[in-house]
file protein19.txt (compact mmCIF, N, CA and C atoms)
# COMPACT_ATOMS: atom_id res chain seq x y z
N MET C 1 124.45 6.96 42.95
CA MET C 1 125.41 7.63 42.10
C MET C 1 126.40 8.36 43.00
N ASN C 2 127.59 7.80 43.14
CA ASN C 2 128.58 8.36 44.05
C ASN C 2 129.70 9.08 43.34
N ALA C 3 129.67 9.20 42.03
CA ALA C 3 130.75 9.86 41.29
C ALA C 3 130.77 11.34 41.62
N PRO C 4 131.98 11.90 41.76
CA PRO C 4 132.06 13.34 42.04
C PRO C 4 131.56 14.15 40.84
N LEU C 5 131.01 15.32 41.12
CA LEU C 5 130.46 16.16 40.06
C LEU C 5 131.54 16.58 39.06
N TYR C 6 132.65 17.05 39.57
CA TYR C 6 133.77 17.44 38.69
C TYR C 6 134.89 16.43 38.87
N ASN C 7 134.96 15.47 37.94
CA ASN C 7 135.99 14.44 38.02
C ASN C 7 137.00 14.63 36.90
N THR C 8 138.02 13.82 36.90
CA THR C 8 139.10 13.93 35.91
C THR C 8 138.58 13.81 34.49
N ASP C 9 137.63 12.91 34.25
CA ASP C 9 137.10 12.72 32.90
C ASP C 9 136.36 13.96 32.41
N ILE C 10 135.56 14.56 33.27
CA ILE C 10 134.84 15.79 32.89
C ILE C 10 135.83 16.91 32.61
N LEU C 11 136.82 17.05 33.46
CA LEU C 11 137.81 18.11 33.26
C LEU C 11 138.63 17.87 31.99
N ARG C 12 138.92 16.61 31.67
CA ARG C 12 139.64 16.29 30.43
C ARG C 12 138.80 16.67 29.21
N LEU C 13 137.52 16.32 29.23
CA LEU C 13 136.63 16.70 28.13
C LEU C 13 136.54 18.22 28.00
N ALA C 14 136.42 18.90 29.12
CA ALA C 14 136.30 20.36 29.11
C ALA C 14 137.53 21.02 28.49
N ALA C 15 138.67 20.39 28.64
CA ALA C 15 139.92 20.97 28.13
C ALA C 15 140.20 20.59 26.68
N THR C 16 139.38 19.72 26.09
CA THR C 16 139.66 19.24 24.73
C THR C 16 138.43 19.34 23.83
N ILE C 17 137.87 20.52 23.71
CA ILE C 17 136.67 20.71 22.88
C ILE C 17 137.07 20.76 21.40
N PRO C 18 136.57 19.82 20.60
CA PRO C 18 136.85 19.87 19.16
C PRO C 18 136.16 21.08 18.50
N HIS C 19 136.72 21.54 17.41
CA HIS C 19 136.12 22.63 16.63
C HIS C 19 135.98 23.90 17.48
N HIS C 20 136.94 24.12 18.36
CA HIS C 20 136.86 25.24 19.30
C HIS C 20 137.47 26.50 18.71
N GLN C 21 136.99 26.85 17.53
CA GLN C 21 137.38 28.10 16.89
C GLN C 21 136.24 28.52 15.98
N ARG C 22 135.86 29.79 16.03
CA ARG C 22 134.75 30.28 15.23
C ARG C 22 135.09 30.16 13.74
N LEU C 23 134.07 29.95 12.93
CA LEU C 23 134.23 29.91 11.48
C LEU C 23 134.26 31.33 10.94
N ILE C 24 135.02 31.53 9.89
CA ILE C 24 135.15 32.86 9.29
C ILE C 24 133.88 33.26 8.53
N ASP C 25 133.30 32.36 7.77
CA ASP C 25 132.15 32.67 6.94
C ASP C 25 131.05 31.62 7.12
N PRO C 26 130.42 31.57 8.30
CA PRO C 26 129.41 30.54 8.53
C PRO C 26 128.12 30.83 7.77
N GLN C 27 127.36 29.79 7.52
CA GLN C 27 126.03 29.95 6.96
C GLN C 27 125.04 30.38 8.03
N ALA C 28 125.33 30.01 9.26
CA ALA C 28 124.48 30.41 10.40
C ALA C 28 125.33 30.43 11.66
N SER C 29 124.97 31.34 12.55
CA SER C 29 125.57 31.42 13.88
C SER C 29 124.45 31.58 14.89
N VAL C 30 124.58 30.85 15.99
CA VAL C 30 123.58 30.95 17.06
C VAL C 30 124.32 31.04 18.38
N GLU C 31 123.88 31.97 19.21
CA GLU C 31 124.41 32.09 20.57
C GLU C 31 123.34 31.68 21.56
N LYS C 32 123.70 30.82 22.48
CA LYS C 32 122.81 30.41 23.57
C LYS C 32 123.48 30.76 24.88
N ARG C 33 122.69 31.26 25.80
CA ARG C 33 123.21 31.70 27.10
C ARG C 33 122.30 31.16 28.20
N SER C 34 122.92 30.76 29.29
CA SER C 34 122.18 30.30 30.45
C SER C 34 121.92 31.48 31.38
N ALA C 35 120.66 31.76 31.63
CA ALA C 35 120.31 32.82 32.57
C ALA C 35 120.67 32.42 34.00
N THR C 36 120.75 31.13 34.24
CA THR C 36 121.06 30.63 35.58
C THR C 36 122.49 30.94 36.00
N CYS C 37 123.45 30.69 35.10
CA CYS C 37 124.85 30.80 35.49
C CYS C 37 125.68 31.71 34.59
N GLY C 38 125.12 32.17 33.50
CA GLY C 38 125.87 33.05 32.60
C GLY C 38 126.70 32.32 31.56
N SER C 39 126.71 31.00 31.58
CA SER C 39 127.44 30.25 30.56
C SER C 39 126.89 30.58 29.19
N ARG C 40 127.76 30.51 28.17
CA ARG C 40 127.28 30.74 26.81
C ARG C 40 128.06 29.92 25.81
N VAL C 41 127.40 29.60 24.73
CA VAL C 41 128.00 28.88 23.61
C VAL C 41 127.56 29.58 22.34
N ILE C 42 128.52 29.83 21.46
CA ILE C 42 128.23 30.32 20.12
C ILE C 42 128.61 29.21 19.15
N ALA C 43 127.69 28.84 18.28
CA ALA C 43 127.93 27.82 17.27
C ALA C 43 127.85 28.44 15.89
N ASP C 44 128.92 28.30 15.13
CA ASP C 44 128.97 28.69 13.72
C ASP C 44 128.94 27.40 12.91
N VAL C 45 128.11 27.36 11.86
CA VAL C 45 127.99 26.13 11.09
C VAL C 45 127.95 26.40 9.59
N ARG C 46 128.33 25.38 8.87
CA ARG C 46 128.11 25.27 7.43
C ARG C 46 127.54 23.87 7.20
N VAL C 47 126.56 23.79 6.31
CA VAL C 47 125.95 22.51 6.00
C VAL C 47 126.25 22.13 4.56
N ASP C 48 126.14 20.83 4.26
CA ASP C 48 126.36 20.36 2.90
C ASP C 48 125.04 20.45 2.12
N ALA C 49 125.05 19.96 0.90
CA ALA C 49 123.87 20.06 0.02
C ALA C 49 122.67 19.30 0.57
N GLU C 50 122.91 18.29 1.41
CA GLU C 50 121.81 17.53 2.01
C GLU C 50 121.36 18.12 3.35
N GLY C 51 121.95 19.23 3.77
CA GLY C 51 121.57 19.86 5.03
C GLY C 51 122.22 19.25 6.25
N ARG C 52 123.26 18.46 6.04
CA ARG C 52 123.99 17.85 7.17
C ARG C 52 125.14 18.76 7.59
N LEU C 53 125.46 18.73 8.86
CA LEU C 53 126.53 19.57 9.38
C LEU C 53 127.87 19.20 8.74
N ALA C 54 128.47 20.16 8.03
CA ALA C 54 129.73 19.92 7.34
C ALA C 54 130.91 20.58 8.06
N GLU C 55 130.69 21.75 8.63
CA GLU C 55 131.74 22.45 9.37
C GLU C 55 131.14 23.06 10.62
N LEU C 56 131.94 23.05 11.69
CA LEU C 56 131.48 23.54 12.98
C LEU C 56 132.57 24.37 13.63
N GLY C 57 132.19 25.51 14.15
CA GLY C 57 133.09 26.32 14.95
C GLY C 57 132.38 26.72 16.22
N LEU C 58 133.05 26.56 17.35
CA LEU C 58 132.43 26.85 18.63
C LEU C 58 133.24 27.86 19.43
N GLU C 59 132.51 28.67 20.17
CA GLU C 59 133.10 29.47 21.23
C GLU C 59 132.32 29.10 22.48
N VAL C 60 133.01 28.51 23.43
CA VAL C 60 132.37 28.00 24.64
C VAL C 60 132.93 28.74 25.85
N ARG C 61 132.05 29.41 26.56
CA ARG C 61 132.39 30.09 27.80
C ARG C 61 131.41 29.57 28.85
N ALA C 62 131.78 28.46 29.46
CA ALA C 62 130.86 27.77 30.36
C ALA C 62 131.64 27.10 31.48
N CYS C 63 130.90 26.60 32.46
CA CYS C 63 131.50 25.80 33.52
C CYS C 63 132.06 24.52 32.92
N ALA C 64 132.78 23.77 33.73
CA ALA C 64 133.40 22.53 33.23
C ALA C 64 132.36 21.56 32.69
N LEU C 65 131.18 21.50 33.29
CA LEU C 65 130.14 20.59 32.78
C LEU C 65 129.62 21.05 31.43
N GLY C 66 129.41 22.34 31.26
CA GLY C 66 128.99 22.87 29.97
C GLY C 66 130.05 22.65 28.90
N GLN C 67 131.30 22.83 29.27
CA GLN C 67 132.39 22.59 28.34
C GLN C 67 132.49 21.10 27.98
N ALA C 68 132.36 20.24 28.97
CA ALA C 68 132.43 18.80 28.72
C ALA C 68 131.29 18.34 27.81
N SER C 69 130.09 18.85 28.04
CA SER C 69 128.95 18.51 27.20
C SER C 69 129.17 19.01 25.77
N ALA C 70 129.67 20.24 25.62
CA ALA C 70 129.97 20.77 24.29
C ALA C 70 131.03 19.93 23.60
N SER C 71 132.00 19.45 24.36
CA SER C 71 133.04 18.60 23.80
C SER C 71 132.46 17.30 23.27
N LEU C 72 131.59 16.66 24.06
CA LEU C 72 130.94 15.42 23.61
C LEU C 72 130.11 15.67 22.37
N MET C 73 129.36 16.78 22.36
CA MET C 73 128.53 17.11 21.21
C MET C 73 129.40 17.29 19.97
N ALA C 74 130.44 18.12 20.08
CA ALA C 74 131.28 18.45 18.92
C ALA C 74 132.03 17.23 18.39
N THR C 75 132.33 16.29 19.24
CA THR C 75 133.05 15.08 18.82
C THR C 75 132.25 14.27 17.81
N HIS C 76 130.93 14.30 17.91
CA HIS C 76 130.08 13.44 17.08
C HIS C 76 129.11 14.20 16.18
N ALA C 77 129.21 15.52 16.10
CA ALA C 77 128.19 16.31 15.40
C ALA C 77 128.33 16.32 13.88
N LEU C 78 129.54 16.30 13.36
CA LEU C 78 129.71 16.42 11.91
C LEU C 78 128.99 15.28 11.19
N GLY C 79 128.30 15.64 10.12
CA GLY C 79 127.56 14.67 9.34
C GLY C 79 126.13 14.45 9.80
N LYS C 80 125.75 15.04 10.93
CA LYS C 80 124.40 14.85 11.46
C LYS C 80 123.41 15.78 10.76
N SER C 81 122.19 15.29 10.63
CA SER C 81 121.11 16.06 9.99
C SER C 81 120.43 16.96 11.02
N VAL C 82 119.57 17.84 10.52
CA VAL C 82 118.77 18.70 11.38
C VAL C 82 117.97 17.84 12.36
N ALA C 83 117.32 16.81 11.86
CA ALA C 83 116.49 15.95 12.70
C ALA C 83 117.32 15.22 13.75
N GLU C 84 118.47 14.71 13.37
CA GLU C 84 119.32 13.99 14.32
C GLU C 84 119.80 14.92 15.45
N LEU C 85 120.17 16.14 15.08
CA LEU C 85 120.63 17.09 16.09
C LEU C 85 119.49 17.55 17.00
N ALA C 86 118.32 17.76 16.44
CA ALA C 86 117.16 18.14 17.25
C ALA C 86 116.76 16.99 18.19
N ASP C 87 116.81 15.76 17.69
CA ASP C 87 116.48 14.60 18.52
C ASP C 87 117.47 14.47 19.68
N ALA C 88 118.76 14.68 19.39
CA ALA C 88 119.77 14.58 20.45
C ALA C 88 119.57 15.67 21.49
N ARG C 89 119.29 16.89 21.04
CA ARG C 89 119.03 18.01 21.96
C ARG C 89 117.85 17.68 22.87
N ASP C 90 116.78 17.17 22.27
CA ASP C 90 115.57 16.86 23.04
C ASP C 90 115.78 15.68 23.98
N ALA C 91 116.53 14.66 23.53
CA ALA C 91 116.83 13.51 24.39
C ALA C 91 117.65 13.94 25.60
N LEU C 92 118.63 14.81 25.37
CA LEU C 92 119.45 15.30 26.47
C LEU C 92 118.60 16.08 27.48
N ALA C 93 117.76 16.98 26.98
CA ALA C 93 116.90 17.77 27.87
C ALA C 93 115.97 16.86 28.67
N GLY C 94 115.40 15.86 28.03
CA GLY C 94 114.52 14.93 28.72
C GLY C 94 115.25 14.12 29.77
N TRP C 95 116.43 13.64 29.42
CA TRP C 95 117.23 12.86 30.36
C TRP C 95 117.60 13.69 31.59
N LEU C 96 118.02 14.93 31.36
CA LEU C 96 118.36 15.80 32.48
C LEU C 96 117.14 16.06 33.37
N ALA C 97 115.96 16.10 32.74
CA ALA C 97 114.72 16.33 33.49
C ALA C 97 114.19 15.07 34.17
N GLY C 98 114.92 13.96 34.03
CA GLY C 98 114.53 12.74 34.72
C GLY C 98 113.76 11.74 33.89
N GLN C 99 113.67 11.95 32.61
CA GLN C 99 112.95 11.02 31.72
C GLN C 99 113.95 10.01 31.18
N GLY C 100 113.81 8.76 31.55
CA GLY C 100 114.72 7.72 31.10
C GLY C 100 115.93 7.62 32.01
N ASP C 101 116.57 6.49 31.96
CA ASP C 101 117.68 6.26 32.87
C ASP C 101 119.06 6.35 32.24
N ASN C 102 119.18 6.00 30.97
CA ASN C 102 120.52 5.84 30.42
C ASN C 102 120.56 6.28 28.95
N LEU C 103 121.23 7.38 28.69
CA LEU C 103 121.36 7.83 27.30
C LEU C 103 122.25 6.90 26.49
N ASP C 104 123.24 6.29 27.12
CA ASP C 104 124.13 5.40 26.38
C ASP C 104 123.41 4.18 25.83
N SER C 105 122.24 3.84 26.37
CA SER C 105 121.48 2.69 25.87
C SER C 105 120.74 3.03 24.58
N ARG C 106 120.72 4.32 24.22
CA ARG C 106 120.07 4.75 22.98
C ARG C 106 121.09 4.78 21.86
N PRO C 107 120.95 3.95 20.84
CA PRO C 107 121.94 3.92 19.78
C PRO C 107 122.00 5.21 18.96
N ASP C 108 120.94 6.02 19.03
CA ASP C 108 120.92 7.26 18.26
C ASP C 108 121.48 8.44 19.05
N PHE C 109 121.99 8.20 20.26
CA PHE C 109 122.52 9.31 21.05
C PHE C 109 124.04 9.27 21.10
N TRP C 110 124.58 10.35 21.56
CA TRP C 110 126.03 10.52 21.67
C TRP C 110 126.63 9.56 22.69
N PRO C 111 127.73 8.91 22.36
CA PRO C 111 128.41 8.09 23.37
C PRO C 111 129.13 8.98 24.38
N GLY C 112 129.32 8.46 25.56
CA GLY C 112 130.12 9.15 26.55
C GLY C 112 129.34 9.93 27.59
N PHE C 113 128.02 9.98 27.46
CA PHE C 113 127.27 10.81 28.40
C PHE C 113 127.20 10.21 29.80
N ASP C 114 127.69 8.99 29.97
CA ASP C 114 127.78 8.45 31.32
C ASP C 114 128.72 9.31 32.17
N LEU C 115 129.65 10.02 31.53
CA LEU C 115 130.56 10.90 32.26
C LEU C 115 129.84 12.11 32.85
N ILE C 116 128.73 12.51 32.24
CA ILE C 116 127.96 13.67 32.70
C ILE C 116 126.90 13.26 33.73
N ALA C 117 126.68 11.97 33.89
CA ALA C 117 125.61 11.46 34.75
C ALA C 117 125.59 12.07 36.16
N PRO C 118 126.73 12.31 36.81
CA PRO C 118 126.65 12.90 38.15
C PRO C 118 125.93 14.26 38.18
N ALA C 119 125.94 14.98 37.08
CA ALA C 119 125.33 16.31 37.04
C ALA C 119 123.81 16.26 36.94
N ARG C 120 123.26 15.10 36.66
CA ARG C 120 121.81 14.98 36.54
C ARG C 120 121.11 15.40 37.83
N ASN C 121 121.76 15.21 38.95
CA ASN C 121 121.18 15.55 40.24
C ASN C 121 121.40 17.01 40.63
N TYR C 122 121.93 17.82 39.72
CA TYR C 122 122.20 19.23 39.97
C TYR C 122 121.49 20.09 38.92
N PRO C 123 120.20 20.33 39.08
CA PRO C 123 119.42 21.06 38.07
C PRO C 123 119.99 22.43 37.71
N ALA C 124 120.68 23.07 38.60
CA ALA C 124 121.26 24.38 38.28
C ALA C 124 122.32 24.28 37.19
N ARG C 125 122.87 23.10 36.97
CA ARG C 125 123.89 22.89 35.93
C ARG C 125 123.28 22.48 34.59
N HIS C 126 122.02 22.09 34.58
CA HIS C 126 121.40 21.59 33.36
C HIS C 126 121.41 22.59 32.20
N PRO C 127 121.08 23.87 32.43
CA PRO C 127 121.10 24.80 31.29
C PRO C 127 122.47 24.88 30.61
N SER C 128 123.52 24.88 31.37
CA SER C 128 124.86 24.93 30.80
C SER C 128 125.17 23.66 30.00
N ILE C 129 124.74 22.53 30.50
CA ILE C 129 124.98 21.24 29.82
C ILE C 129 124.23 21.20 28.49
N ARG C 130 123.07 21.82 28.42
CA ARG C 130 122.27 21.80 27.18
C ARG C 130 122.75 22.78 26.11
N LEU C 131 123.51 23.79 26.47
CA LEU C 131 123.81 24.90 25.56
C LEU C 131 124.41 24.46 24.22
N GLY C 132 125.42 23.63 24.23
CA GLY C 132 126.06 23.22 22.98
C GLY C 132 125.10 22.51 22.04
N PHE C 133 124.30 21.61 22.60
CA PHE C 133 123.32 20.88 21.79
C PHE C 133 122.26 21.83 21.24
N GLU C 134 121.81 22.76 22.06
CA GLU C 134 120.80 23.72 21.61
C GLU C 134 121.34 24.63 20.51
N ALA C 135 122.52 25.17 20.71
CA ALA C 135 123.09 26.11 19.73
C ALA C 135 123.35 25.43 18.39
N VAL C 136 123.93 24.25 18.42
CA VAL C 136 124.26 23.57 17.16
C VAL C 136 122.99 23.13 16.44
N ALA C 137 122.02 22.58 17.16
CA ALA C 137 120.77 22.15 16.52
C ALA C 137 120.07 23.32 15.84
N GLU C 138 120.01 24.45 16.52
CA GLU C 138 119.35 25.62 15.94
C GLU C 138 120.13 26.19 14.76
N ALA C 139 121.44 26.27 14.88
CA ALA C 139 122.25 26.82 13.79
C ALA C 139 122.17 25.96 12.54
N VAL C 140 122.20 24.65 12.68
CA VAL C 140 122.10 23.76 11.52
C VAL C 140 120.73 23.87 10.88
N ALA C 141 119.68 23.96 11.68
CA ALA C 141 118.33 24.13 11.12
C ALA C 141 118.24 25.42 10.31
N ILE C 142 118.81 26.50 10.82
CA ILE C 142 118.79 27.77 10.10
C ILE C 142 119.59 27.66 8.80
N ALA C 143 120.79 27.10 8.89
CA ALA C 143 121.65 26.97 7.71
C ALA C 143 121.03 26.08 6.65
N ALA C 144 120.28 25.09 7.08
CA ALA C 144 119.62 24.16 6.14
C ALA C 144 118.30 24.72 5.61
N GLY C 145 117.95 25.92 6.05
CA GLY C 145 116.73 26.55 5.56
C GLY C 145 115.47 26.04 6.21
N GLN C 146 115.58 25.48 7.40
CA GLN C 146 114.42 24.93 8.09
C GLN C 146 114.02 25.77 9.30
N GLY C 147 114.57 26.97 9.42
CA GLY C 147 114.26 27.80 10.57
C GLY C 147 114.86 27.24 11.83
N ALA C 148 114.48 27.78 12.95
CA ALA C 148 115.00 27.28 14.22
C ALA C 148 114.35 25.94 14.53
N ALA C 149 115.19 24.94 14.86
CA ALA C 149 114.66 23.59 15.15
C ALA C 149 114.04 23.55 16.52
call {"tool": "encode", "arguments": {"input": "protein19.txt", "output": "structure tokens"}}
result
Amino acid sequence: MNAPLYNTDILRLAATIPHHQRLIDPQASVEKRSATCGSRVIADVRVDAEGRLAELGLEVRACALGQASASLMATHALGKSVAELADARDALAGWLAGQGDNLDSRPDFWPGFDLIAPARNYPARHPSIRLGFEAVAEAVAIAAGQGAA
């Protein structure tokens, strides 16, 4: 894996985070912070009657990798269920920890994570990369009345 850690694609994702504004009246808000680097993500959510993510507002204060990961998450999060979001969070954590080789080969995972692949070899960046997925999964579970996922 010879790709640079911070490349143009990662920086482009970091600069274009969808839903990058807090919601005024969310059903749930969750803040996640990395003790390693101080990165943080706040996720505000509203769910529909089936418990699927209907509205998302994010505040992302993270390194470029954390921002890029939050951007990928936010691009595909709307309409996802509590279970789908928890599965994605867990798949990302496992992949970062070295379990499995390719998230893009999983049809149930977010497209585009090949752009984050260079960061897999930098464990100090993993907490920041996970923050968006963790915050949104937990906030949707709370809003859907299922507690923290």
call {"tool": "atom_distance", "arguments": {"input": "protein19.txt", "atom1": "atom CA of C:Ser29", "atom2": "atom CA of C:Pro123"}}
result
27.0 Å
call {"tool": "atom_distance", "arguments": {"input": "protein19.txt", "atom1": "atom C of C:Ile42", "atom2": "atom N of C:Pro4"}}
result
28.7 Å
call {"tool": "atom_distance", "arguments": {"input": "protein19.txt", "atom1": "atom CA of C:Ala77", "atom2": "atom C of C:Arg33"}}
result
20.5 Å
call {"tool": "closest_residue", "arguments": {"input": "protein19.txt", "among": "C:Ala49, C:Ala68, C:Ala141, C:Ala54", "to": "C:Ala83", "atoms": "all atoms listed in the file"}}
result
C:Ala141
call {"tool": "closest_residue", "arguments": {"input": "protein19.txt", "among": "C:Leu65, C:Gly145, C:Phe133, C:Ser81", "to": "C:Tyr6", "atoms": "all atoms listed in the file"}}
result
C:Leu65
call {"tool": "closest_residue", "arguments": {"input": "protein19.txt", "among": "C:His76, C:His126, C:Arg120, C:Arg46", "to": "C:Val140", "atoms": "all atoms listed in the file"}}
result
C:Arg46
call {"tool": "build_atoms", "arguments": {"input": "protein19.txt", "residues": "stretch 15-28 of chain C", "atoms": "N, CA, C and O atoms", "output": "PDB file, in the coordinates of the input"}}
result
ATOM      1  N   ALA C  15     138.670  20.390  28.640  1.00  0.00           N
ATOM      2  CA  ALA C  15     139.920  20.970  28.130  1.00  0.00           C
ATOM      3  C   ALA C  15     140.200  20.590  26.680  1.00  0.00           C
ATOM      4  O   ALA C  15     141.145  21.113  26.082  1.00  0.00           O
ATOM      5  N   THR C  16     139.380  19.720  26.090  1.00  0.00           N
ATOM      6  CA  THR C  16     139.660  19.240  24.730  1.00  0.00           C
ATOM      7  C   THR C  16     138.430  19.340  23.830  1.00  0.00           C
ATOM      8  O   THR C  16     137.999  18.351  23.243  1.00  0.00           O
ATOM      9  N   ILE C  17     137.870  20.520  23.710  1.00  0.00           N
ATOM     10  CA  ILE C  17     136.670  20.710  22.880  1.00  0.00           C
ATOM     11  C   ILE C  17     137.070  20.760  21.400  1.00  0.00           C
ATOM     12  O   ILE C  17     137.838  21.626  20.998  1.00  0.00           O
ATOM     13  N   PRO C  18     136.570  19.820  20.600  1.00  0.00           N
ATOM     14  CA  PRO C  18     136.850  19.870  19.160  1.00  0.00           C
ATOM     15  C   PRO C  18     136.160  21.080  18.500  1.00  0.00           C
ATOM     16  O   PRO C  18     135.140  21.548  18.994  1.00  0.00           O
ATOM     17  N   HIS C  19     136.720  21.540  17.410  1.00  0.00           N
ATOM     18  CA  HIS C  19     136.120  22.630  16.630  1.00  0.00           C
ATOM     19  C   HIS C  19     135.980  23.900  17.480  1.00  0.00           C
ATOM     20  O   HIS C  19     135.015  24.642  17.331  1.00  0.00           O
ATOM     21  N   HIS C  20     136.940  24.120  18.360  1.00  0.00           N
ATOM     22  CA  HIS C  20     136.860  25.240  19.300  1.00  0.00           C
ATOM     23  C   HIS C  20     137.470  26.500  18.710  1.00  0.00           C
ATOM     24  O   HIS C  20     138.370  27.110  19.284  1.00  0.00           O
ATOM     25  N   GLN C  21     136.990  26.850  17.530  1.00  0.00           N
ATOM     26  CA  GLN C  21     137.380  28.100  16.890  1.00  0.00           C
ATOM     27  C   GLN C  21     136.240  28.520  15.980  1.00  0.00           C
ATOM     28  O   GLN C  21     135.696  27.708  15.238  1.00  0.00           O
ATOM     29  N   ARG C  22     135.860  29.790  16.030  1.00  0.00           N
ATOM     30  CA  ARG C  22     134.750  30.280  15.230  1.00  0.00           C
ATOM     31  C   ARG C  22     135.090  30.160  13.740  1.00  0.00           C
ATOM     32  O   ARG C  22     136.240  30.291  13.345  1.00  0.00           O
ATOM     33  N   LEU C  23     134.070  29.950  12.930  1.00  0.00           N
ATOM     34  CA  LEU C  23     134.230  29.910  11.480  1.00  0.00           C
ATOM     35  C   LEU C  23     134.260  31.330  10.940  1.00  0.00           C
ATOM     36  O   LEU C  23     133.573  32.217  11.440  1.00  0.00           O
ATOM     37  N   ILE C  24     135.020  31.530   9.890  1.00  0.00           N
ATOM     38  CA  ILE C  24     135.150  32.860   9.290  1.00  0.00           C
ATOM     39  C   ILE C  24     133.880  33.260   8.530  1.00  0.00           C
ATOM     40  O   ILE C  24     133.417  34.383   8.630  1.00  0.00           O
ATOM     41  N   ASP C  25     133.300  32.360   7.770  1.00  0.00           N
ATOM     42  CA  ASP C  25     132.150  32.670   6.940  1.00  0.00           C
ATOM     43  C   ASP C  25     131.050  31.620   7.120  1.00  0.00           C
ATOM     44  O   ASP C  25     130.747  30.864   6.206  1.00  0.00           O
ATOM     45  N   PRO C  26     130.420  31.570   8.300  1.00  0.00           N
ATOM     46  CA  PRO C  26     129.410  30.540   8.530  1.00  0.00           C
ATOM     47  C   PRO C  26     128.120  30.830   7.770  1.00  0.00           C
ATOM     48  O   PRO C  26     127.830  31.974   7.434  1.00  0.00           O
ATOM     49  N   GLN C  27     127.360  29.790   7.520  1.00  0.00           N
ATOM     50  CA  GLN C  27     126.030  29.950   6.960  1.00  0.00           C
ATOM     51  C   GLN C  27     125.040  30.380   8.030  1.00  0.00           C
ATOM     52  O   GLN C  27     124.036  31.009   7.725  1.00  0.00           O
ATOM     53  N   ALA C  28     125.330  30.010   9.260  1.00  0.00           N
ATOM     54  CA  ALA C  28     124.480  30.410  10.400  1.00  0.00           C
ATOM     55  C   ALA C  28     125.330  30.430  11.660  1.00  0.00           C
ATOM     56  O   ALA C  28     126.260  29.643  11.806  1.00  0.00           O
TER      57      ALA C  28
END
